[in-house]
file final10.cif (mmCIF, C-alpha atoms and all ligand atoms)
data_work
loop_
_atom_site.group_PDB
_atom_site.id
_atom_site.type_symbol
_atom_site.label_atom_id
_atom_site.label_comp_id
_atom_site.auth_asym_id
_atom_site.auth_seq_id
_atom_site.Cartn_x
_atom_site.Cartn_y
_atom_site.Cartn_z
ATOM 1 C CA MET A 1 -6.618 -23.293 -8.990
ATOM 2 C CA LEU A 2 -3.258 -22.644 -10.639
ATOM 3 C CA VAL A 3 -1.909 -19.102 -10.431
ATOM 4 C CA ILE A 4 0.822 -17.960 -12.795
ATOM 5 C CA VAL A 5 2.549 -14.817 -11.537
ATOM 6 C CA PHE A 6 4.758 -13.078 -14.071
ATOM 7 C CA HIS A 7 6.596 -9.905 -14.975
ATOM 8 C CA SER A 8 7.939 -8.990 -18.385
ATOM 9 C CA LEU A 9 9.603 -5.903 -19.819
ATOM 10 C CA THR A 10 10.160 -6.888 -23.436
ATOM 11 C CA GLY A 11 7.634 -9.701 -23.812
ATOM 12 C CA GLY A 12 9.714 -12.859 -23.490
ATOM 13 C CA THR A 13 8.535 -13.896 -20.052
ATOM 14 C CA ARG A 14 4.974 -12.948 -20.945
ATOM 15 C CA GLN A 15 5.051 -15.371 -23.894
ATOM 16 C CA MET A 16 6.479 -18.087 -21.653
ATOM 17 C CA ALA A 17 3.812 -17.494 -18.997
ATOM 18 C CA GLU A 18 1.051 -17.484 -21.622
ATOM 19 C CA ALA A 19 2.347 -20.765 -23.042
ATOM 20 C CA ALA A 20 2.279 -22.305 -19.561
ATOM 21 C CA ARG A 21 -1.243 -20.971 -19.136
ATOM 22 C CA ASP A 22 -2.316 -22.535 -22.442
ATOM 23 C CA GLY A 23 -0.786 -25.870 -21.467
ATOM 24 C CA ALA A 24 -2.565 -25.808 -18.114
ATOM 25 C CA ALA A 25 -5.861 -24.679 -19.626
ATOM 26 C CA ALA A 26 -5.961 -27.822 -21.769
ATOM 27 C CA GLU A 27 -6.500 -29.789 -18.559
ATOM 28 C CA ALA A 28 -10.236 -29.925 -17.838
ATOM 29 C CA GLY A 29 -11.461 -29.054 -14.396
ATOM 30 C CA LEU A 30 -8.754 -26.648 -13.303
ATOM 31 C CA ALA A 31 -9.058 -22.872 -13.113
ATOM 32 C CA VAL A 32 -5.938 -21.036 -14.272
ATOM 33 C CA ARG A 33 -5.170 -17.384 -13.571
ATOM 34 C CA LEU A 34 -2.404 -15.375 -15.206
ATOM 35 C CA LEU A 35 -1.481 -12.483 -12.922
ATOM 36 C CA ARG A 36 0.950 -9.619 -13.380
ATOM 37 C CA ALA A 37 3.377 -9.544 -10.464
ATOM 38 C CA GLY A 38 2.580 -5.899 -9.771
ATOM 39 C CA GLU A 39 -1.093 -6.749 -9.318
ATOM 40 C CA ALA A 40 -0.823 -10.070 -7.482
ATOM 41 C CA ALA A 41 -1.736 -9.920 -3.792
ATOM 42 C CA PRO A 42 -1.542 -12.254 -0.781
ATOM 43 C CA ALA A 43 -5.197 -13.258 -1.287
ATOM 44 C CA ASP A 44 -4.315 -14.521 -4.774
ATOM 45 C CA VAL A 45 -1.507 -16.625 -3.326
ATOM 46 C CA LEU A 46 -3.746 -18.075 -0.616
ATOM 47 C CA ALA A 47 -6.485 -18.922 -3.125
ATOM 48 C CA ALA A 48 -4.213 -21.051 -5.340
ATOM 49 C CA ASP A 49 -3.377 -24.742 -5.058
ATOM 50 C CA GLY A 50 -0.216 -24.370 -7.145
ATOM 51 C CA TYR A 51 2.017 -21.686 -8.614
ATOM 52 C CA ILE A 52 4.160 -20.902 -11.608
ATOM 53 C CA PHE A 53 6.502 -17.957 -11.051
ATOM 54 C CA ALA A 54 7.825 -16.408 -14.276
ATOM 55 C CA THR A 55 10.403 -13.627 -14.367
ATOM 56 C CA PRO A 56 13.187 -12.138 -16.437
ATOM 57 C CA GLU A 57 16.667 -12.228 -14.973
ATOM 58 C CA ASN A 58 17.862 -8.671 -14.387
ATOM 59 C CA LEU A 59 21.354 -7.966 -13.035
ATOM 60 C CA ALA A 60 21.758 -11.583 -11.924
ATOM 61 C CA SER A 61 18.524 -11.371 -9.922
ATOM 62 C CA MET A 62 14.842 -11.794 -10.495
ATOM 63 C CA ALA A 63 13.196 -8.623 -11.851
ATOM 64 C CA GLY A 64 12.491 -6.002 -9.201
ATOM 65 C CA VAL A 65 8.731 -6.112 -9.779
ATOM 66 C CA MET A 66 8.786 -9.869 -9.141
ATOM 67 C CA LYS A 67 10.835 -9.350 -5.981
ATOM 68 C CA ASP A 68 8.296 -6.746 -4.871
ATOM 69 C CA PHE A 69 5.540 -9.350 -5.303
ATOM 70 C CA PHE A 70 7.413 -11.731 -2.996
ATOM 71 C CA ASP A 71 8.213 -8.913 -0.554
ATOM 72 C CA ARG A 72 4.540 -7.964 -0.296
ATOM 73 C CA CYS A 73 3.224 -11.514 -0.057
ATOM 74 C CA TYR A 74 5.892 -13.424 1.854
ATOM 75 C CA TYR A 75 4.823 -12.866 5.453
ATOM 76 C CA PRO A 76 1.030 -12.564 4.942
ATOM 77 C CA VAL A 77 0.924 -16.150 3.600
ATOM 78 C CA LEU A 78 3.833 -17.728 5.490
ATOM 79 C CA ASP A 79 2.861 -21.090 7.040
ATOM 80 C CA ARG A 80 -0.483 -21.017 5.237
ATOM 81 C CA ILE A 81 0.607 -22.522 1.899
ATOM 82 C CA ASN A 82 3.013 -25.227 3.081
ATOM 83 C CA GLY A 83 3.399 -28.157 0.719
ATOM 84 C CA ARG A 84 1.764 -26.581 -2.319
ATOM 85 C CA ALA A 85 3.333 -27.167 -5.725
ATOM 86 C CA TYR A 86 5.350 -24.663 -7.724
ATOM 87 C CA ALA A 87 7.515 -24.324 -10.801
ATOM 88 C CA SER A 88 9.535 -21.393 -12.160
ATOM 89 C CA LEU A 89 10.138 -19.990 -15.643
ATOM 90 C CA ILE A 90 13.090 -17.662 -16.229
ATOM 91 C CA CYS A 91 13.691 -15.547 -19.338
ATOM 92 C CA ALA A 92 17.341 -14.476 -19.523
ATOM 93 C CA GLY A 93 19.751 -12.956 -21.979
ATOM 94 C CA SER A 94 22.563 -15.389 -21.274
ATOM 95 C CA ASP A 95 22.349 -16.816 -17.747
ATOM 96 C CA GLY A 96 19.225 -17.066 -15.582
ATOM 97 C CA GLU A 97 20.721 -19.086 -12.730
ATOM 98 C CA GLY A 98 20.683 -16.188 -10.248
ATOM 99 C CA ALA A 99 16.961 -15.573 -10.641
ATOM 100 C CA ALA A 100 16.235 -19.301 -10.486
ATOM 101 C CA ARG A 101 18.229 -19.644 -7.258
ATOM 102 C CA GLN A 102 16.442 -16.712 -5.628
ATOM 103 C CA ILE A 103 12.993 -18.055 -6.414
ATOM 104 C CA ALA A 104 13.981 -21.503 -5.146
ATOM 105 C CA ARG A 105 15.124 -20.009 -1.840
ATOM 106 C CA ILE A 106 11.927 -18.035 -1.356
ATOM 107 C CA ALA A 107 9.806 -21.052 -2.299
ATOM 108 C CA ASN A 108 11.783 -23.105 0.182
ATOM 109 C CA GLY A 109 10.961 -20.529 2.855
ATOM 110 C CA TRP A 110 7.301 -20.888 1.965
ATOM 111 C CA ARG A 111 7.745 -24.687 2.171
ATOM 112 C CA LEU A 112 6.507 -25.095 -1.398
ATOM 113 C CA ARG A 113 7.271 -28.249 -3.339
ATOM 114 C CA ASP A 114 9.110 -27.894 -6.661
ATOM 115 C CA VAL A 115 7.507 -30.133 -9.241
ATOM 116 C CA ALA A 116 9.952 -29.318 -12.043
ATOM 117 C CA PRO A 117 13.467 -27.891 -12.310
ATOM 118 C CA PRO A 118 13.606 -24.157 -13.194
ATOM 119 C CA LEU A 119 12.995 -23.707 -16.911
ATOM 120 C CA ILE A 120 15.466 -21.103 -18.226
ATOM 121 C CA VAL A 121 15.082 -19.700 -21.737
ATOM 122 C CA CYS A 122 18.008 -17.628 -23.038
ATOM 123 C CA THR A 123 17.173 -15.002 -25.650
ATOM 124 C CA ARG A 124 20.889 -14.390 -26.325
ATOM 125 C CA ALA A 125 20.321 -10.646 -25.947
ATOM 126 C CA GLN A 126 23.693 -9.054 -25.047
ATOM 127 C CA THR A 127 23.920 -5.517 -26.423
ATOM 128 C CA PRO A 128 21.752 -2.664 -25.112
ATOM 129 C CA GLU A 129 19.831 -2.671 -28.403
ATOM 130 C CA GLU A 130 19.143 -6.414 -28.224
ATOM 131 C CA ILE A 131 18.241 -6.253 -24.536
ATOM 132 C CA LEU A 132 15.674 -3.509 -25.091
ATOM 133 C CA ALA A 133 14.164 -5.026 -28.258
ATOM 134 C CA PRO A 134 10.843 -6.910 -28.131
ATOM 135 C CA LYS A 135 11.459 -10.636 -27.690
ATOM 136 C CA SER A 136 10.081 -13.537 -29.671
ATOM 137 C CA ILE A 137 10.482 -16.862 -27.883
ATOM 138 C CA GLU A 138 11.144 -19.833 -30.156
ATOM 139 C CA ALA A 139 8.440 -22.424 -30.658
ATOM 140 C CA ALA A 140 10.477 -25.210 -29.058
ATOM 141 C CA ASP A 141 10.959 -23.163 -25.901
ATOM 142 C CA LEU A 142 7.277 -22.217 -25.792
ATOM 143 C CA ALA A 143 6.468 -25.917 -26.071
ATOM 144 C CA ARG A 144 8.637 -26.574 -22.996
ATOM 145 C CA CYS A 145 6.705 -23.886 -21.109
ATOM 146 C CA ARG A 146 3.404 -25.401 -22.245
ATOM 147 C CA ASP A 147 4.590 -28.772 -20.945
ATOM 148 C CA VAL A 148 5.342 -27.285 -17.526
ATOM 149 C CA GLY A 149 1.832 -25.821 -17.374
ATOM 150 C CA ALA A 150 0.258 -29.068 -18.541
ATOM 151 C CA ALA A 151 2.218 -31.190 -16.065
ATOM 152 C CA MET A 152 1.417 -28.852 -13.204
ATOM 153 C CA ALA A 153 -2.284 -28.844 -14.099
ATOM 154 C CA ALA A 154 -2.446 -32.629 -14.480
ATOM 155 C CA GLY A 155 -0.778 -33.122 -11.099
ATOM 156 C CA LEU A 156 -3.148 -30.708 -9.391
ATOM 157 C CA VAL A 157 -6.243 -32.280 -10.958
ATOM 158 C CA MET A 158 -5.113 -35.804 -10.034
ATOM 159 C CA GLY A 159 -4.223 -34.653 -6.533
ATOM 160 C CA VAL A 160 -0.658 -35.946 -6.710
ATOM 161 C CA PHE A 161 0.878 -32.576 -5.728
HETATM 162 C C1 LIG A 201 18.321 -4.149 -16.589
HETATM 163 C C2 LIG A 201 18.507 -5.489 -17.207
HETATM 164 C C3 LIG A 201 19.414 -6.363 -16.641
HETATM 165 C C4 LIG A 201 19.605 -7.637 -17.209
HETATM 166 N N1 LIG A 201 20.466 -8.500 -16.586
HETATM 167 C C5 LIG A 201 20.581 -9.773 -17.051
HETATM 168 C C6 LIG A 201 21.379 -10.732 -16.339
HETATM 169 O O1 LIG A 201 21.937 -10.469 -15.297
HETATM 170 N N2 LIG A 201 21.494 -11.982 -16.863
HETATM 171 C C7 LIG A 201 20.856 -12.351 -18.023
HETATM 172 O O2 LIG A 201 20.989 -13.491 -18.442
HETATM 173 N N3 LIG A 201 20.075 -11.460 -18.706
HETATM 174 C C8 LIG A 201 19.926 -10.197 -18.247
HETATM 175 N N4 LIG A 201 19.123 -9.291 -18.908
HETATM 176 C C9 LIG A 201 18.445 -9.709 -20.146
HETATM 177 C C10 LIG A 201 17.001 -10.118 -19.922
HETATM 178 O O3 LIG A 201 16.901 -11.155 -19.002
HETATM 179 C C11 LIG A 201 16.393 -10.569 -21.268
HETATM 180 O O4 LIG A 201 16.364 -9.451 -22.142
HETATM 181 C C12 LIG A 201 15.001 -11.167 -21.135
HETATM 182 O O5 LIG A 201 14.560 -11.517 -22.412
HETATM 183 C C13 LIG A 201 14.026 -10.198 -20.546
HETATM 184 O O6 LIG A 201 12.760 -10.806 -20.401
HETATM 185 P P1 LIG A 201 11.437 -10.050 -20.881
HETATM 186 O O7 LIG A 201 11.454 -10.055 -22.381
HETATM 187 O O8 LIG A 201 10.305 -10.862 -20.322
HETATM 188 O O9 LIG A 201 11.453 -8.673 -20.331
HETATM 189 C C14 LIG A 201 18.907 -8.009 -18.366
HETATM 190 C C15 LIG A 201 17.967 -7.103 -18.926
HETATM 191 C C16 LIG A 201 17.772 -5.876 -18.362
HETATM 192 C C17 LIG A 201 16.762 -4.930 -18.962
#

call {"tool": "encode", "arguments": {"input": "final10.cif", "output": "structure tokens"}}
result
Amino acid sequence: MLVIVFHSLTGGTRQMAEAARDGAAAEAGLAVRLLRAGEAAPADVLAADGYIFATPENLASMAGVMKDFFDRCYYPVLDRINGRAYASLICAGSDGEGAARQIARIANGWRLRDVAPPLIVCTRAQTPEEILAPKSIEAADLARCRDVGAAMAAGLVMGVF
């Protein structure tokens, strides 16, 4: 099973996570779950064979709700998910590197295996009005997210991850 854990305030990350879900769902024989970070629990992490973590970058960090997911789940699953595959999707206004770095460090602590570099989509939102406006992710970027989901699903089904 592939679990996609995401948080989104203005919809950008949600669209990215849904695109990854759609890409993964095209692969027969793999269950895919899209979970809001606030609702995801250690049991969900244990039940998965692979993960996609999707978050906005807020204040040079992953979103607080996403961090709370990791805070709640980190120790309950530590040493029980070693070697499983993961990828990350970051929705950012202009940067995204800080959130990507944080997720990579946590995943390293969990001994997960990255199967793709972090995929960062910049919405170019800079002003307060732009930041708070609903986001619409461009088709080319959604296609990249779909590809991450499809590649992750194919690897899990073939048993190469
Ligand atoms: C409180 C707050 C802080 C933010 N800080 C950053 C930041 O440090 N770097 C960045 O690139 N974008 C930053 N942004 C912009 C968001 O990453 C961007 O709007 C993104 O589209 C949000 O994803 P969402 O649509 O899934 O909520 C910030 C947005 C908010 C609301």

call {"tool": "closest_residue", "arguments": {"input": "final10.cif", "among": "A:Ser136, A:Ala26, A:Tyr75, A:Ala92", "to": "ligand LIG 201 (chain A)", "atoms": "only C-alpha atoms and all ligand atoms"}}
result
A:Ala92

call {"tool": "resolve_selection", "arguments": {"input": "final10.cif", "expression": "the PyMOL selection byres (((chain A and resi 67-73) around 7) and not hetatm)", "output": "compact mmCIF listing (two decimals) with C-alpha atoms, keeping the file's coordinate frame"}}
result
# COMPACT_ATOMS: atom_id res chain seq x y z
CA ALA A 37 3.38 -9.54 -10.46
CA GLY A 38 2.58 -5.90 -9.77
CA ALA A 40 -0.82 -10.07 -7.48
CA ALA A 41 -1.74 -9.92 -3.79
CA PRO A 42 -1.54 -12.25 -0.78
CA MET A 62 14.84 -11.79 -10.50
CA ALA A 63 13.20 -8.62 -11.85
CA GLY A 64 12.49 -6.00 -9.20
CA VAL A 65 8.73 -6.11 -9.78
CA MET A 66 8.79 -9.87 -9.14
CA TYR A 74 5.89 -13.42 1.85
CA TYR A 75 4.82 -12.87 5.45
CA PRO A 76 1.03 -12.56 4.94
CA VAL A 77 0.92 -16.15 3.60

call {"tool": "residues_near_point", "arguments": {"input": "final10.cif", "point": "(8.0, -25.9, -11.6)", "cutoff": "6 Å", "atoms": "only C-alpha atoms", "output": "number ranges by chain"}}
result
A: 86-88, 114-117

call {"tool": "resolve_selection", "arguments": {"input": "final10.cif", "expression": "the PyMOL selection byres (((chain A and resi 60) around 12) and not hetatm)", "output": "PDB file with C-alpha atoms, in the frame of the given file"}}
result
ATOM      1  CA  THR A  55      10.403 -13.627 -14.367  1.00  0.00           C
ATOM      2  CA  PRO A  56      13.187 -12.138 -16.437  1.00  0.00           C
ATOM      3  CA  GLU A  57      16.667 -12.228 -14.973  1.00  0.00           C
ATOM      4  CA  ASN A  58      17.862  -8.671 -14.387  1.00  0.00           C
ATOM      5  CA  LEU A  59      21.354  -7.966 -13.035  1.00  0.00           C
ATOM      6  CA  SER A  61      18.524 -11.371  -9.922  1.00  0.00           C
ATOM      7  CA  MET A  62      14.842 -11.794 -10.495  1.00  0.00           C
ATOM      8  CA  ALA A  63      13.196  -8.623 -11.851  1.00  0.00           C
ATOM      9  CA  GLY A  64      12.491  -6.002  -9.201  1.00  0.00           C
ATOM     10  CA  ILE A  90      13.090 -17.662 -16.229  1.00  0.00           C
ATOM     11  CA  CYS A  91      13.691 -15.547 -19.338  1.00  0.00           C
ATOM     12  CA  ALA A  92      17.341 -14.476 -19.523  1.00  0.00           C
ATOM     13  CA  GLY A  93      19.751 -12.956 -21.979  1.00  0.00           C
ATOM     14  CA  SER A  94      22.563 -15.389 -21.274  1.00  0.00           C
ATOM     15  CA  ASP A  95      22.349 -16.816 -17.747  1.00  0.00           C
ATOM     16  CA  GLY A  96      19.225 -17.066 -15.582  1.00  0.00           C
ATOM     17  CA  GLU A  97      20.721 -19.086 -12.730  1.00  0.00           C
ATOM     18  CA  GLY A  98      20.683 -16.188 -10.248  1.00  0.00           C
ATOM     19  CA  ALA A  99      16.961 -15.573 -10.641  1.00  0.00           C
ATOM     20  CA  ALA A 100      16.235 -19.301 -10.486  1.00  0.00           C
ATOM     21  CA  ARG A 101      18.229 -19.644  -7.258  1.00  0.00           C
ATOM     22  CA  GLN A 102      16.442 -16.712  -5.628  1.00  0.00           C
TER      23      GLN A 102
END

call {"tool": "resolve_selection", "arguments": {"input": "final10.cif", "expression": "the PyMOL selection byres (((chain A and resi 22) around 10) and not hetatm)", "output": "list in words"}}
result
Met16, Ala17, Glu18, Ala19, Ala20, Arg21, Gly23, Ala24, Ala25, Ala26, Glu27, Val32, Cys145, Arg146, Asp147, Gly149 and Ala150 of chain A

call {"tool": "atom_distance", "arguments": {"input": "final10.cif", "atom1": "atom CA of Met152 of chain A", "atom2": "atom CA of Leu112 of chain A"}}
result
13.4 Å

call {"tool": "atom_distance", "arguments": {"input": "final10.cif", "atom1": "atom CA of Gly11 of chain A", "atom2": "atom O6 of ligand LIG 201 (chain A)"}}
result
6.3 Å

call {"tool": "closest_residue", "arguments": {"input": "final10.cif", "among": "A:Ala143, A:Val148, A:Ala31, A:Ala125", "to": "ligand LIG 201 (chain A)", "atoms": "only C-alpha atoms and all ligand atoms"}}
result
A:Ala125

call {"tool": "atom_distance", "arguments": {"input": "final10.cif", "atom1": "atom CA of Val121 of chain A", "atom2": "atom N1 of ligand LIG 201 (chain A)"}}
result
13.5 Å

call {"tool": "closest_residue", "arguments": {"input": "final10.cif", "among": "A:Arg105, A:Arg111, A:Arg36, A:Arg144", "to": "Arg80 of chain A", "atoms": "all atoms listed in the file"}}
result
A:Arg111

call {"tool": "closest_residue", "arguments": {"input": "final10.cif", "among": "A:Ile120, A:Leu132, A:Ala43, A:Ile4", "to": "ligand LIG 201 (chain A)", "atoms": "all atoms listed in the file"}}
result
A:Leu132

call {"tool": "axis_aligned_box", "arguments": {"input": "final10.cif", "around": "segment 109-118 of chain A", "padding_each_side": "8 Å", "output": "lines of an AutoDock Vina configuration file"}}
result
center_x = 10.1
center_y = -25.3
center_z = -5.2
size_x = 23.1
size_y = 25.6
size_z = 32.0

call {"tool": "closest_residue", "arguments": {"input": "final10.cif", "among": "A:Gly83, A:Pro134, A:Gly109, A:Pro118", "to": "ligand LIG 201 (chain A)", "atoms": "all atoms listed in the file"}}
result
A:Pro134

call {"tool": "decode", "arguments": {"input": "final10.cif", "residues": "segment 24-93 of chain A", "atoms": "C-alpha atoms", "output": "short mmCIF file (atom, residue, chain, number, x, y, z; two decimals), in the first residue's frame"}}
result
data_model
loop_
_atom_site.label_atom_id
_atom_site.label_comp_id
_atom_site.auth_asym_id
_atom_site.auth_seq_id
_atom_site.Cartn_x
_atom_site.Cartn_y
_atom_site.Cartn_z
CA ALA A 24 -0.24 5.76 -8.53
CA ALA A 25 -3.83 4.58 -8.94
CA ALA A 26 -3.17 3.86 -12.62
CA GLU A 27 -0.89 1.04 -11.49
CA ALA A 28 -3.00 -2.11 -11.04
CA GLY A 29 -2.66 -4.10 -7.87
CA LEU A 30 -1.65 -1.36 -5.46
CA ALA A 31 -3.87 0.25 -2.85
CA VAL A 32 -3.34 4.00 -2.51
CA ARG A 33 -4.52 6.12 0.41
CA LEU A 34 -4.55 9.91 0.50
CA LEU A 35 -4.45 11.04 4.13
CA ARG A 36 -4.62 14.49 5.66
CA ALA A 37 -1.62 15.02 7.93
CA GLY A 38 -3.86 15.98 10.83
CA GLU A 39 -5.65 12.65 10.61
CA ALA A 40 -2.73 10.33 9.82
CA ALA A 41 -1.66 8.10 12.70
CA PRO A 42 1.22 5.71 13.45
CA ALA A 43 -0.94 2.73 12.40
CA ASP A 44 -1.31 4.29 8.94
CA VAL A 45 2.46 4.64 8.66
CA LEU A 46 3.06 1.05 9.75
CA ALA A 47 0.47 -0.28 7.29
CA ALA A 48 2.13 1.29 4.23
CA ASP A 49 4.89 -0.10 2.03
CA GLY A 50 5.82 3.34 0.71
CA TYR A 51 5.13 7.01 1.37
CA ILE A 52 4.70 10.32 -0.38
CA PHE A 53 4.91 13.30 1.98
CA ALA A 54 3.39 16.50 0.56
CA THR A 55 3.54 19.85 2.33
CA PRO A 56 3.60 23.58 1.75
CA GLU A 57 6.71 25.45 2.81
CA ASN A 58 5.81 27.88 5.58
CA LEU A 59 8.43 30.21 7.08
CA ALA A 60 11.26 28.17 5.55
CA SER A 61 9.91 25.00 7.19
CA MET A 62 7.38 22.33 6.47
CA ALA A 63 3.85 23.34 7.51
CA GLY A 64 3.18 22.98 11.23
CA VAL A 65 0.42 20.41 10.71
CA MET A 66 2.86 18.25 8.73
CA LYS A 67 5.48 18.62 11.47
CA ASP A 68 2.84 17.58 14.00
CA PHE A 69 2.22 14.42 11.96
CA PHE A 70 5.92 13.56 12.15
CA ASP A 71 6.07 14.49 15.84
CA ARG A 72 3.18 12.16 16.65
CA CYS A 73 4.38 9.27 14.50
CA TYR A 74 8.17 9.41 14.70
CA TYR A 75 8.86 7.31 17.78
CA PRO A 76 5.88 4.90 17.58
CA VAL A 77 7.17 3.59 14.22
CA LEU A 78 10.93 4.09 14.62
CA ASP A 79 12.89 0.97 13.59
CA ARG A 80 9.72 -0.65 12.26
CA ILE A 81 9.69 0.87 8.76
CA ASN A 82 13.40 0.73 7.89
CA GLY A 83 14.16 0.58 4.18
CA ARG A 84 10.71 1.53 2.92
CA ALA A 85 10.46 3.90 -0.04
CA TYR A 86 9.47 7.55 0.10
CA ALA A 87 9.27 10.69 -2.00
CA SER A 88 8.35 14.27 -1.10
CA LEU A 89 6.30 16.98 -2.81
CA ILE A 90 6.71 20.60 -1.71
CA CYS A 91 4.45 23.51 -2.68
CA ALA A 92 6.23 26.82 -2.10
CA GLY A 93 5.83 30.47 -2.95
#
